[in-house]
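S.K.: Got data10.csv for you, CSV, C-alpha atoms and all ligand atoms:
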chain,number,residue,atom,x,y,z
A,191,MET,CA,0.0,0.0,0.0
A,192,ILE,CA,1.5,3.3,-1.0
A,193,VAL,CA,-1.3,5.9,-0.5
A,194,PRO,CA,-1.7,9.3,1.1
A,195,ARG,CA,-4.1,9.1,4.1
A,196,LEU,CA,-3.0,5.6,5.0
A,197,ARG,CA,-4.8,5.6,8.3
A,198,GLU,CA,-8.1,6.4,6.6
A,199,LEU,CA,-7.7,3.6,4.0
A,200,VAL,CA,-6.5,0.9,6.5
A,201,ALA,CA,-9.4,1.8,8.9
A,202,ALA,CA,-11.9,1.5,6.0
A,203,TRP,CA,-10.5,-1.8,4.7
A,204,ILE,CA,-9.4,-3.4,7.9
A,205,ASP,CA,-12.1,-6.2,7.7
A,206,ARG,CA,-10.9,-7.1,4.2
A,207,ILE,CA,-7.2,-6.8,5.1
A,208,ARG,CA,-7.7,-9.3,7.9
A,209,ALA,CA,-10.3,-11.4,6.1
A,210,ARG,CA,-10.1,-15.1,5.7
A,211,HIS,CA,-10.9,-16.0,2.1
A,212,SER,CA,-11.1,-19.7,2.4
A,213,PHE,CA,-14.6,-20.3,3.7
A,214,SER,CA,-16.5,-23.3,2.3
A,215,GLU,CA,-19.3,-22.4,-0.1
A,216,PRO,CA,-22.1,-23.2,2.5
A,217,ILE,CA,-20.4,-21.2,5.2
A,218,GLU,CA,-19.9,-18.3,2.8
A,219,SER,CA,-23.5,-18.4,1.8
A,220,LEU,CA,-24.6,-18.5,5.4
A,221,LEU,CA,-22.4,-15.4,6.2
A,222,ARG,CA,-24.0,-13.6,3.2
A,223,ASP,CA,-27.5,-14.5,4.4
A,224,CYS,CA,-26.7,-13.2,7.9
A,225,CYS,CA,-25.0,-10.0,6.8
A,226,GLY,CA,-27.5,-9.3,4.1
A,227,PRO,CA,-27.5,-6.9,1.1
A,228,GLY,CA,-25.8,-3.6,1.8
A,229,SER,CA,-23.3,-5.2,4.1
A,230,SER,CA,-19.6,-4.8,3.4
A,231,PHE,CA,-19.4,-8.7,3.1
A,232,HIS,CA,-22.0,-8.6,0.3
A,233,ASP,CA,-20.6,-5.5,-1.3
A,234,GLU,CA,-17.2,-7.2,-1.6
A,235,HIS,CA,-18.7,-10.2,-3.2
A,236,GLN,CA,-20.7,-8.1,-5.7
A,237,ARG,CA,-17.6,-6.2,-6.7
A,238,LEU,CA,-15.6,-9.5,-7.1
A,239,SER,CA,-18.4,-11.1,-9.1
A,240,GLY,CA,-18.6,-8.3,-11.6
A,241,SER,CA,-14.9,-7.7,-12.1
A,242,MET,CA,-13.7,-11.3,-12.0
A,243,TRP,CA,-16.4,-12.4,-14.4
A,244,ASP,CA,-15.5,-9.8,-17.0
A,245,HIS,CA,-11.7,-10.2,-16.6
A,246,TRP,CA,-11.5,-14.0,-16.3
A,247,GLY,CA,-14.9,-15.5,-17.3
A,248,ASP,CA,-13.8,-16.2,-20.8
A,249,CYS,CA,-11.4,-18.8,-19.4
A,250,ASP,CA,-14.2,-20.5,-17.3
A,251,PRO,CA,-15.4,-23.8,-18.9
A,252,ALA,CA,-18.7,-23.4,-17.0
A,253,GLU,CA,-19.5,-20.1,-18.6
A,254,ASP,CA,-20.7,-21.8,-21.8
A,255,GLN,CA,-23.2,-23.9,-19.9
A,256,ASP,CA,-25.4,-21.1,-18.7
A,257,GLY,CA,-28.2,-21.7,-21.1
A,258,LEU,CA,-29.4,-18.1,-20.9
A,259,LEU,CA,-28.7,-15.7,-23.7
A,260,ALA,CA,-26.2,-13.9,-21.5
A,261,PRO,CA,-23.6,-11.4,-22.6
A,262,ARG,CA,-20.1,-12.8,-23.0
A,263,PRO,CA,-17.3,-11.8,-20.6
A,264,GLY,CA,-14.1,-10.2,-21.8
A,265,ALA,CA,-15.3,-6.7,-22.7
A,266,VAL,CA,-12.5,-5.0,-20.8
A,267,VAL,CA,-9.8,-7.0,-22.7
A,268,ARG,CA,-11.5,-6.0,-26.0
A,269,LEU,CA,-11.6,-2.4,-24.8
A,270,LEU,CA,-7.9,-2.6,-24.0
A,271,HIS,CA,-6.9,-3.9,-27.4
A,272,ALA,CA,-9.1,-1.3,-29.1
A,273,GLY,CA,-7.1,1.3,-27.1
A,274,LEU,CA,-3.7,-0.2,-27.9
A,275,THR,CA,-4.5,-0.2,-31.6
A,276,ALA,CA,-5.8,3.4,-31.5
A,277,ALA,CA,-2.7,4.5,-29.6
A,278,ASP,CA,-0.4,2.5,-31.9
A,279,ALA,CA,1.2,1.2,-28.7
A,280,SER,CA,3.7,-1.2,-30.2
A,281,SER,CA,7.0,-1.9,-28.4
A,282,PRO,CA,9.1,0.5,-30.6
A,283,ALA,CA,6.5,3.3,-30.2
A,284,ILE,CA,6.7,3.3,-26.4
A,285,GLY,CA,10.4,2.6,-25.9
A,286,GLN,CA,11.7,0.3,-23.1
A,287,ARG,CA,9.9,2.0,-20.2
A,288,PRO,CA,7.5,0.2,-17.9
A,289,ILE,CA,3.7,0.3,-18.1
A,290,LEU,CA,1.0,1.5,-15.7
A,291,ASP,CA,-2.5,0.0,-15.5
A,292,ILE,CA,-4.6,2.5,-13.5
A,293,GLY,CA,-7.6,0.9,-11.7
A,294,CYS,CA,-6.5,-2.6,-12.7
A,295,ALA,CA,-9.2,-4.4,-10.6
A,296,ALA,CA,-9.0,-8.2,-11.2
A,297,GLY,CA,-5.7,-7.7,-13.0
A,298,ARG,CA,-6.3,-9.3,-16.4
A,299,THR,CA,-5.5,-6.2,-18.4
A,300,THR,CA,-2.2,-5.9,-16.5
A,301,LEU,CA,-1.1,-9.4,-17.6
A,302,GLU,CA,-2.4,-8.7,-21.1
A,303,LEU,CA,-0.3,-5.5,-21.3
A,304,ALA,CA,2.8,-7.3,-20.1
A,305,ALA,CA,2.2,-10.2,-22.6
A,306,HIS,CA,1.6,-7.8,-25.5
A,307,LEU,CA,4.5,-5.4,-24.8
A,308,ASP,CA,6.9,-7.6,-22.9
A,309,ARG,CA,8.0,-5.1,-20.2
A,310,PRO,CA,7.5,-4.5,-16.5
A,311,THR,CA,3.8,-3.6,-15.8
A,312,VAL,CA,2.3,-2.5,-12.6
A,313,GLY,CA,-1.4,-2.6,-12.0
A,314,ILE,CA,-2.7,-0.2,-9.3
A,315,ASP,CA,-6.0,-0.1,-7.5
A,316,LEU,CA,-7.4,0.9,-4.1
A,317,ASP,CA,-9.5,-2.3,-3.7
A,318,ILE,CA,-7.2,-4.5,-1.5
A,319,SER,CA,-9.5,-7.5,-1.8
A,320,ILE,CA,-9.6,-7.5,-5.6
A,321,LEU,CA,-5.8,-6.9,-5.7
A,322,GLN,CA,-5.3,-10.0,-3.5
A,323,HIS,CA,-7.3,-12.0,-6.1
A,324,ALA,CA,-5.3,-10.6,-9.0
A,325,ARG,CA,-2.0,-11.4,-7.2
A,326,ALA,CA,-3.2,-14.9,-6.4
A,327,ILE,CA,-4.2,-15.6,-10.0
A,328,ARG,CA,-0.8,-14.4,-11.2
A,329,ASP,CA,1.0,-16.7,-8.7
A,330,SER,CA,-1.2,-19.8,-8.8
A,331,GLU,CA,-2.8,-19.6,-12.2
A,332,GLU,CA,-6.1,-20.6,-10.5
A,333,VAL,CA,-9.2,-18.4,-10.4
A,334,SER,CA,-11.8,-18.7,-7.7
A,335,TYR,CA,-14.5,-16.2,-7.1
A,336,PRO,CA,-18.2,-15.9,-6.0
A,337,ARG,CA,-20.3,-15.4,-9.1
A,338,ARG,CA,-23.6,-13.8,-8.4
A,339,ARG,CA,-26.7,-15.7,-9.5
A,340,ILE,CA,-29.4,-13.5,-8.0
A,341,GLY,CA,-30.1,-11.6,-4.8
A,342,ILE,CA,-27.5,-12.8,-2.3
A,343,VAL,CA,-27.2,-16.2,-4.0
A,344,TYR,CA,-23.8,-16.8,-5.5
A,345,ASP,CA,-22.0,-19.8,-7.0
A,346,ARG,CA,-18.3,-20.3,-6.4
A,347,ARG,CA,-16.5,-20.6,-9.7
A,348,SER,CA,-13.0,-22.2,-9.6
A,349,PHE,CA,-11.0,-22.9,-12.7
A,350,SER,CA,-7.4,-23.0,-14.0
A,351,VAL,CA,-5.9,-20.5,-16.3
A,352,ARG,CA,-2.6,-22.4,-16.5
A,353,GLY,CA,-0.7,-21.6,-19.6
A,354,SER,CA,-2.7,-18.4,-20.4
A,355,TYR,CA,0.4,-16.3,-19.6
A,356,ALA,CA,4.0,-17.5,-19.7
A,357,ALA,CA,5.9,-17.5,-16.4
A,358,GLU,CA,8.2,-14.8,-17.8
A,359,THR,CA,5.1,-12.6,-18.5
A,360,ARG,CA,3.7,-13.2,-15.0
A,361,GLY,CA,7.2,-12.3,-13.6
A,362,LEU,CA,6.9,-8.8,-15.3
A,363,VAL,CA,3.6,-8.0,-13.5
A,364,ASP,CA,3.0,-6.6,-10.0
A,365,TYR,CA,-0.1,-5.3,-8.3
A,366,TRP,CA,0.1,-2.4,-5.9
A,367,CYS,CA,-2.5,-0.7,-3.7
A,368,CYS,CA,-2.1,3.0,-4.8
A,369,ASP,CA,-4.3,6.0,-5.4
A,370,ALA,CA,-4.7,7.2,-8.9
A,371,THR,CA,-4.9,10.7,-7.6
A,372,ALA,CA,-1.6,10.5,-5.8
A,373,LEU,CA,0.7,8.2,-7.8
A,374,PRO,CA,3.8,7.2,-5.8
A,375,PHE,CA,6.0,7.4,-8.9
A,376,ARG,CA,8.5,10.1,-10.0
A,377,GLU,CA,7.9,12.1,-13.2
A,378,SER,CA,8.3,10.6,-16.7
A,379,VAL,CA,8.6,7.0,-15.7
A,380,PHE,CA,6.1,5.1,-17.8
A,381,GLY,CA,6.1,4.5,-21.6
A,382,LEU,CA,2.4,3.7,-21.5
A,383,ALA,CA,-0.4,4.4,-19.1
A,384,VAL,CA,-3.8,2.8,-19.4
A,385,SER,CA,-6.8,4.0,-17.5
A,386,LEU,CA,-9.9,2.0,-18.3
A,387,ASN,CA,-13.2,2.9,-16.6
A,388,ASN,CA,-11.4,4.5,-13.7
A,389,LEU,CA,-11.9,8.2,-14.3
A,390,ASP,CA,-15.5,8.3,-13.1
A,391,CYS,CA,-14.6,6.2,-10.1
A,392,VAL,CA,-12.1,8.5,-8.4
A,393,ALA,CA,-12.8,11.4,-6.1
A,394,ALA,CA,-10.8,13.9,-8.2
A,395,PRO,CA,-10.8,13.0,-11.9
A,396,LEU,CA,-8.8,16.1,-13.0
A,397,THR,CA,-6.1,15.3,-10.4
A,398,ALA,CA,-6.0,11.6,-11.7
A,399,LEU,CA,-5.5,12.9,-15.2
A,400,GLN,CA,-2.7,15.3,-14.0
A,401,GLU,CA,-1.0,12.4,-12.2
A,402,MET,CA,-1.2,10.1,-15.3
A,403,ILE,CA,0.3,12.9,-17.5
A,404,ARG,CA,3.0,13.7,-14.9
A,405,THR,CA,4.3,10.1,-14.7
A,406,LEU,CA,4.3,9.5,-18.5
A,407,ALA,CA,7.7,9.8,-20.2
A,408,PRO,CA,8.1,12.2,-23.1
A,409,ALA,CA,6.6,10.6,-26.2
A,410,GLY,CA,4.9,8.1,-24.0
A,411,LYS,CA,1.3,7.1,-24.8
A,412,ALA,CA,-1.8,6.9,-22.7
A,413,VAL,CA,-5.1,5.1,-23.3
A,414,LEU,CA,-8.1,6.6,-21.5
A,415,ALA,CA,-11.6,5.1,-21.6
A,416,THR,CA,-14.6,6.2,-19.7
A,417,PRO,CA,-18.4,5.9,-19.9
A,418,TYR,CA,-18.8,9.1,-17.8
A,419,ASP,CA,-21.0,7.1,-15.4
A,420,TRP,CA,-20.8,9.8,-12.7
A,421,SER,CA,-22.0,9.1,-9.2
A,422,SER,CA,-21.8,11.3,-6.2
A,423,THR,CA,-20.8,8.4,-4.0
A,424,ALA,CA,-17.5,8.2,-5.9
A,425,THR,CA,-17.0,11.8,-7.1
A,426,PRO,CA,-18.4,15.1,-5.7
A,427,VAL,CA,-20.5,16.8,-8.5
A,428,GLU,CA,-17.9,19.6,-8.7
A,429,GLY,CA,-15.3,17.1,-9.8
A,430,TRP,CA,-17.4,15.5,-12.6
A,431,ILE,CA,-16.2,16.1,-16.1
A,432,GLY,CA,-19.6,16.9,-17.7
A,433,GLY,CA,-22.8,15.5,-16.5
A,434,HIS,CA,-24.0,18.7,-14.9
A,435,SER,CA,-24.5,22.4,-15.8
A,436,GLN,CA,-26.5,21.8,-18.9
A,437,ARG,CA,-27.1,25.6,-19.3
A,438,SER,CA,-23.4,26.0,-20.2
A,439,GLU,CA,-22.0,26.2,-23.8
A,440,LEU,CA,-21.1,22.5,-23.6
A,441,ARG,CA,-24.6,21.6,-22.3
A,442,GLY,CA,-23.1,19.2,-19.8
A,443,ALA,CA,-21.4,17.0,-22.4
A,444,GLY,CA,-18.5,15.1,-20.7
A,445,ASP,CA,-16.9,14.0,-24.0
A,446,ARG,CA,-16.6,17.6,-25.2
A,447,LEU,CA,-15.3,18.9,-21.9
A,448,LEU,CA,-12.7,16.2,-21.6
A,449,ARG,CA,-11.4,17.1,-25.1
A,450,GLU,CA,-11.3,20.8,-24.2
A,451,LEU,CA,-9.3,19.8,-21.1
A,452,LEU,CA,-6.8,17.8,-23.1
A,453,GLN,CA,-6.3,20.3,-26.0
A,454,ARG,CA,-4.1,23.4,-25.7
A,455,GLY,CA,-6.2,26.6,-25.7
A,456,GLY,CA,-9.4,24.6,-25.1
A,457,HIS,CA,-10.2,25.3,-21.4
A,458,SER,CA,-9.0,27.5,-18.5
A,459,SER,CA,-8.1,24.3,-16.6
A,460,VAL,CA,-6.4,22.7,-19.6
A,461,LEU,CA,-4.0,19.8,-18.8
A,462,GLU,CA,-0.7,20.8,-20.5
A,463,GLY,CA,1.7,18.3,-21.8
A,464,VAL,CA,-0.4,15.9,-23.9
A,465,ARG,CA,-2.0,15.8,-27.3
A,466,ILE,CA,-4.9,13.6,-28.5
A,467,ILE,CA,-3.7,11.2,-31.2
A,468,ALA,CA,-6.8,9.1,-31.7
A,469,GLU,CA,-10.4,8.8,-30.6
A,470,ARG,CA,-13.1,6.1,-30.7
A,471,PRO,CA,-16.4,7.5,-29.4
A,472,ALA,CA,-18.4,4.4,-28.5
A,473,ILE,CA,-16.7,1.1,-27.5
A,474,PRO,CA,-19.0,-1.3,-25.7
A,475,TRP,CA,-18.1,-2.4,-22.2
A,476,HIS,CA,-20.4,-4.0,-19.7
A,477,VAL,CA,-20.8,-4.8,-16.0
A,478,ARG,CA,-22.6,-8.0,-15.0
A,479,LEU,CA,-24.8,-7.5,-12.0
A,480,HIS,CA,-26.4,-10.9,-11.8
A,481,GLU,CA,-27.5,-13.6,-14.2
A,482,ARG,CA,-30.5,-11.6,-15.5
A,483,SER,CA,-28.9,-8.2,-15.5
A,484,THR,CA,-25.9,-6.7,-17.2
A,485,VAL,CA,-25.3,-3.0,-17.6
A,486,GLN,CA,-24.2,-2.0,-21.1
A,487,TYR,CA,-21.9,1.0,-21.4
A,488,LEU,CA,-20.5,2.9,-24.4
A,489,CYS,CA,-17.0,4.1,-23.5
A,490,ASP,CA,-15.4,7.1,-25.0
A,491,LEU,CA,-11.8,6.1,-25.8
A,492,ILE,CA,-9.0,8.6,-26.2
A,493,ALA,CA,-5.4,7.9,-27.1
A,494,LEU,CA,-2.9,10.5,-25.9
A,495,GLU,CA,0.8,11.2,-26.5
A,496,LYS,CA,3.0,13.1,-24.1
A,497,ILE,CA,4.6,16.1,-25.7
A,498,GLY,CA,8.4,15.9,-25.4
A,501,LIG,C1,-15.2,0.4,-12.8
A,501,LIG,S1,-13.8,-0.4,-12.2
A,501,LIG,C2,-12.8,-0.7,-13.6
A,501,LIG,C3,-11.8,-1.7,-13.4
A,501,LIG,C4,-11.1,-2.2,-14.7
A,501,LIG,N1,-10.2,-1.2,-15.2
A,501,LIG,C5,-12.0,-2.6,-15.7
A,501,LIG,O1,-12.3,-1.8,-16.7
A,501,LIG,O2,-12.6,-3.7,-15.6
A,501,LIG,C6,-12.9,1.0,-11.4
A,501,LIG,C7,-11.7,0.5,-10.6
A,501,LIG,O3,-11.0,1.7,-10.1
A,501,LIG,C8,-10.7,1.5,-8.7
A,501,LIG,N2,-10.5,2.8,-8.1
A,501,LIG,C9,-11.4,3.6,-7.6
A,501,LIG,N3,-10.8,4.7,-7.1
A,501,LIG,C10,-9.5,4.5,-7.2
A,501,LIG,C11,-8.3,5.3,-6.9
A,501,LIG,N4,-8.5,6.5,-6.3
A,501,LIG,N5,-7.1,4.9,-7.3
A,501,LIG,C12,-7.0,3.7,-7.9
A,501,LIG,N6,-8.0,2.9,-8.2
A,501,LIG,C13,-9.2,3.3,-7.9
A,501,LIG,C14,-11.8,0.6,-8.2
A,501,LIG,O4,-11.4,-0.1,-7.0
A,501,LIG,C15,-12.1,-0.3,-9.3
A,501,LIG,O5,-11.4,-1.5,-9.3
As structure tokens - that is how I would like this structure written.

M.R.:
Amino acid sequence: MIVPRLRELVAAWIDRIRARHSFSEPIESLLRDCCGPGSSFHDEHQRLSGSMWDHWGDCDPAEDQDGLLAPRPGAVVRLLHAGLTAADASSPAIGQRPILDIGCAAGRTTLELAAHLDRPTVGIDLDISILQHARAIRDSEEVSYPRRRIGIVYDRRSFSVRGSYAAETRGLVDYWCCDATALPFRESVFGLAVSLNNLDCVAAPLTALQEMIRTLAPAGKAVLATPYDWSSTATPVEGWIGGHSQRSELRGAGDRLLRELLQRGGHSSVLEGVRIIAERPAIPWHVRLHERSTVQYLCDLIALEKIG
């Protein structure tokens, strides 16, 4: 954990830091029934279910047997590859520098980046529980998570991902508990930074963008994707990029405001030091809530280059 306000974070996450993760399925379900919806126990399982399903569900042999016309997992990996293509993030283009995966959650994109570009890659997130799962998958090549069926009913899914990533690739990857708005890295470190669906989850999106730009090396690339799904539980309204002030010239449009912030001469709070090199306005991404509900998003994807 390398975060500002360490006391706050540890106090908030202490149950999960100390948690035992090896309950049997019946005991886990009993605990969920006792704690109920809205509890931190259920909240953790809901987050794990959504993230692990999209990151790793394509490797789960049981996924095919659902029988329902359910959406397919793997949207975040498809989003990542759309971003890498848009940014032309090949090895020669980003030099020999390491890679940063901001808000890496279950960690699949971090491994995918290391496999694709063959260099040290660090995935950062604030969710200590999901980071523990990401790290366990990297080390054991086994996935195990509670997959939500309905209500507070979950099925434990356990499967092997052996051979999906070479040992050398897994050795290039690490997962750290860090805050995207206070990155514990010096200036100009990374050849590539990827921020997928993280911008609308942080308390200060503008600061997160500044931090991403600060830690990028000159000529380094960044892939930024967001569905602008603002919520006041994650971000105070004043911090939202769009989604409010519809009386203004931009009529509350987040996509237009983000571009103004990233383009020189565009906005009074312009983020100096990068230029937009490619844009894809509507790439699908989804979050599975339970077996009868998946939220479909359209992400705005922007590829950036740090000006030398
Ligand atoms: C919507 S999820 C997206 C995860 C992943 N990139 C994907 O697309 O599947 C947002 C992630 O950002 C993480 N997060 C929220 N605030 C953060 C912060 N300040 N610093 C780092 N990660 C944060 C959350 O814990 C969560 O895992």

S.K.: In terms of the shortest atom-to-atom distance over all atoms listed in the file, which of A:Ile403, A:Ala265, A:Ala493, A:Val392 is closest to Asp244 of chain A?

M.R.: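 When distances to Asp244 of chain A are compared using all atoms listed in the file, the smallest one comes from A:Ala265.
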
S.K.: Could you check the closest approach to Leu238 of chain A for each of A:Ile204, A:Leu196, A:Ala283, A:Ala295 and tell me which residue wins, using only C-alpha atoms?

M.R.: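 Distance minimum relative to Leu238 of chain A lands on A:Ala295.
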
S.K.: Go through the chains and note each residue within 6 Å of ligand LIG 501 (chain A), using all atoms listed in the file, then give the set as JSON, numbers by chain.

M.R.: {"A": [241, 266, 293, 294, 295, 314, 315, 316, 317, 368, 369, 370, 371, 386, 387, 388, 391, 392]}

S.K.: Sorted by chain and rising residue number, list the residues of segment 298-349 of chain A at most 10 Å from segment 213-232 of chain A (counting only C-alpha atoms), each with its closest atom pair and distance in Å to one decimal, as a Markdown table.

M.R.:
| residue | atom | partner | partner_atom | distance |
| --- | --- | --- | --- | --- |
| A:Pro336 | CA | A:Glu215 | CA | 8.8 |
| A:Gly341 | CA | A:Pro227 | CA | 8.0 |
| A:Ile342 | CA | A:Arg222 | CA | 6.6 |
| A:Val343 | CA | A:Ser219 | CA | 7.2 |
| A:Tyr344 | CA | A:Ser219 | CA | 7.5 |
| A:Asp345 | CA | A:Glu215 | CA | 7.9 |
| A:Arg346 | CA | A:Glu215 | CA | 6.7 |

S.K.: Quick one: residues within 12 Å of Leu274 of chain A, only C-alpha atoms, excluding same-chain residues fewer than 4 positions away - as a VMD selection string?

M.R.: chain A and resid 267 to 270 278 to 281 283 to 284 299 302 to 303 306 to 307 382 to 386 411 to 415 467 to 470 491 to 494

S.K.: Go ahead and write the selection's residues with C-alpha atoms as an mmCIF file, in the coordinates of the input.

M.R.:
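Dumped to result_14.cif:
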data_model
loop_
_atom_site.group_PDB
_atom_site.id
_atom_site.type_symbol
_atom_site.label_atom_id
_atom_site.label_comp_id
_atom_site.auth_asym_id
_atom_site.auth_seq_id
_atom_site.Cartn_x
_atom_site.Cartn_y
_atom_site.Cartn_z
ATOM 1 C CA VAL A 267 -9.800 -7.000 -22.700
ATOM 2 C CA ARG A 268 -11.500 -6.000 -26.000
ATOM 3 C CA LEU A 269 -11.600 -2.400 -24.800
ATOM 4 C CA LEU A 270 -7.900 -2.600 -24.000
ATOM 5 C CA ASP A 278 -0.400 2.500 -31.900
ATOM 6 C CA ALA A 279 1.200 1.200 -28.700
ATOM 7 C CA SER A 280 3.700 -1.200 -30.200
ATOM 8 C CA SER A 281 7.000 -1.900 -28.400
ATOM 9 C CA ALA A 283 6.500 3.300 -30.200
ATOM 10 C CA ILE A 284 6.700 3.300 -26.400
ATOM 11 C CA THR A 299 -5.500 -6.200 -18.400
ATOM 12 C CA GLU A 302 -2.400 -8.700 -21.100
ATOM 13 C CA LEU A 303 -0.300 -5.500 -21.300
ATOM 14 C CA HIS A 306 1.600 -7.800 -25.500
ATOM 15 C CA LEU A 307 4.500 -5.400 -24.800
ATOM 16 C CA LEU A 382 2.400 3.700 -21.500
ATOM 17 C CA ALA A 383 -0.400 4.400 -19.100
ATOM 18 C CA VAL A 384 -3.800 2.800 -19.400
ATOM 19 C CA SER A 385 -6.800 4.000 -17.500
ATOM 20 C CA LEU A 386 -9.900 2.000 -18.300
ATOM 21 C CA LYS A 411 1.300 7.100 -24.800
ATOM 22 C CA ALA A 412 -1.800 6.900 -22.700
ATOM 23 C CA VAL A 413 -5.100 5.100 -23.300
ATOM 24 C CA LEU A 414 -8.100 6.600 -21.500
ATOM 25 C CA ALA A 415 -11.600 5.100 -21.600
ATOM 26 C CA ILE A 467 -3.700 11.200 -31.200
ATOM 27 C CA ALA A 468 -6.800 9.100 -31.700
ATOM 28 C CA GLU A 469 -10.400 8.800 -30.600
ATOM 29 C CA ARG A 470 -13.100 6.100 -30.700
ATOM 30 C CA LEU A 491 -11.800 6.100 -25.800
ATOM 31 C CA ILE A 492 -9.000 8.600 -26.200
ATOM 32 C CA ALA A 493 -5.400 7.900 -27.100
ATOM 33 C CA LEU A 494 -2.900 10.500 -25.900
#

S.K.: Could you tell me how far atom CA of His476 of chain A sits from atom CA of Ala202 of chain A, in Å to one decimal place?

M.R.: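 Here the two named atoms are 27.6 Å from each other.
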
S.K.: Taking into account only C-alpha atoms, which residue in the set A:Pro263, A:Pro408, A:Pro395, A:Pro282 is nearest to Gly463 of chain A?

M.R.: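 That would be A:Pro408, the residue with the smallest distance to Gly463 of chain A.
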
S.K.: For Tyr365 of chain A, which residue among A:Ala209, A:Ala260, A:Ile327, A:Leu461 is the nearest when counting all atoms listed in the file?

M.R.: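 Distance minimum relative to Tyr365 of chain A lands on A:Ile327.
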
S.K.: Mind pulling up the distance from atom CA of Asp419 of chain A to atom CA of Ile292 of chain A?

M.R.: 17.1 Å

S.K.: Using atom CA of Ala296 of chain A and atom CA of Ile320 of chain A as the two end points, give the distance in Å to one decimal.

M.R.: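 So the answer is 5.7 Å.
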
S.K.: Excluding Leu488 of chain A and any residue of its chain fewer than 5 positions from it, enumerate the residues within 9 Å of it, using all atoms listed in the file, and give them as a ChimeraX atom specification.

M.R.: /A:416-417,471-476

S.K.: Please provide as an MDAnalysis selection string all residues within 9 Å of segment 373-379 of chain A, with the sequence filter that same-chain residues fewer than 6 positions apart are discarded (counting all atoms listed in the file).

M.R.: chainID A and resid 192:193 287:289 398 401:408 410

S.K.: Selection from above, C-alpha atoms, as a compact mmCIF listing (two decimals), in the frame of the given file, can you write it?

M.R.:
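Below you can see again25.txt, which holds the result:
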# COMPACT_ATOMS: atom_id res chain seq x y z
CA ILE A 192 1.50 3.30 -1.00
CA VAL A 193 -1.30 5.90 -0.50
CA ARG A 287 9.90 2.00 -20.20
CA PRO A 288 7.50 0.20 -17.90
CA ILE A 289 3.70 0.30 -18.10
CA ALA A 398 -6.00 11.60 -11.70
CA GLU A 401 -1.00 12.40 -12.20
CA MET A 402 -1.20 10.10 -15.30
CA ILE A 403 0.30 12.90 -17.50
CA ARG A 404 3.00 13.70 -14.90
CA THR A 405 4.30 10.10 -14.70
CA LEU A 406 4.30 9.50 -18.50
CA ALA A 407 7.70 9.80 -20.20
CA PRO A 408 8.10 12.20 -23.10
CA GLY A 410 4.90 8.10 -24.00

S.K.: Nearest residue to Glu450 of chain A out of A:Ala356, A:Ile497, A:Val333, A:Ile431, using all atoms listed in the file?

M.R.: A:Ile431

S.K.: When you look at segment 250-252 of chain A with a cut-off of 10 Å (counting all atoms listed in the file), what residues show up, excluding the ones that are within fewer than 6 positions of it in the same chain? I need them as a PyMOL selection string.

M.R.: chain A and resi 243+263+333+347-351

S.K.: Under the rule that all atoms listed in the file are counted, which of A:Ala394, A:Ser354, A:Arg454, A:Gly240 is the nearest residue to Ser483 of chain A?

M.R.: A:Gly240

S.K.: List as a ChimeraX atom specification the protein and nucleic acid residues near Asp364 of chain A, meaning an atom at most 10 Å away when all atoms listed in the file are counted, but skip any in the same chain fewer than 2 places from it.

M.R.: /A:297,300-301,310-314,321,324-325,328,360-362,366
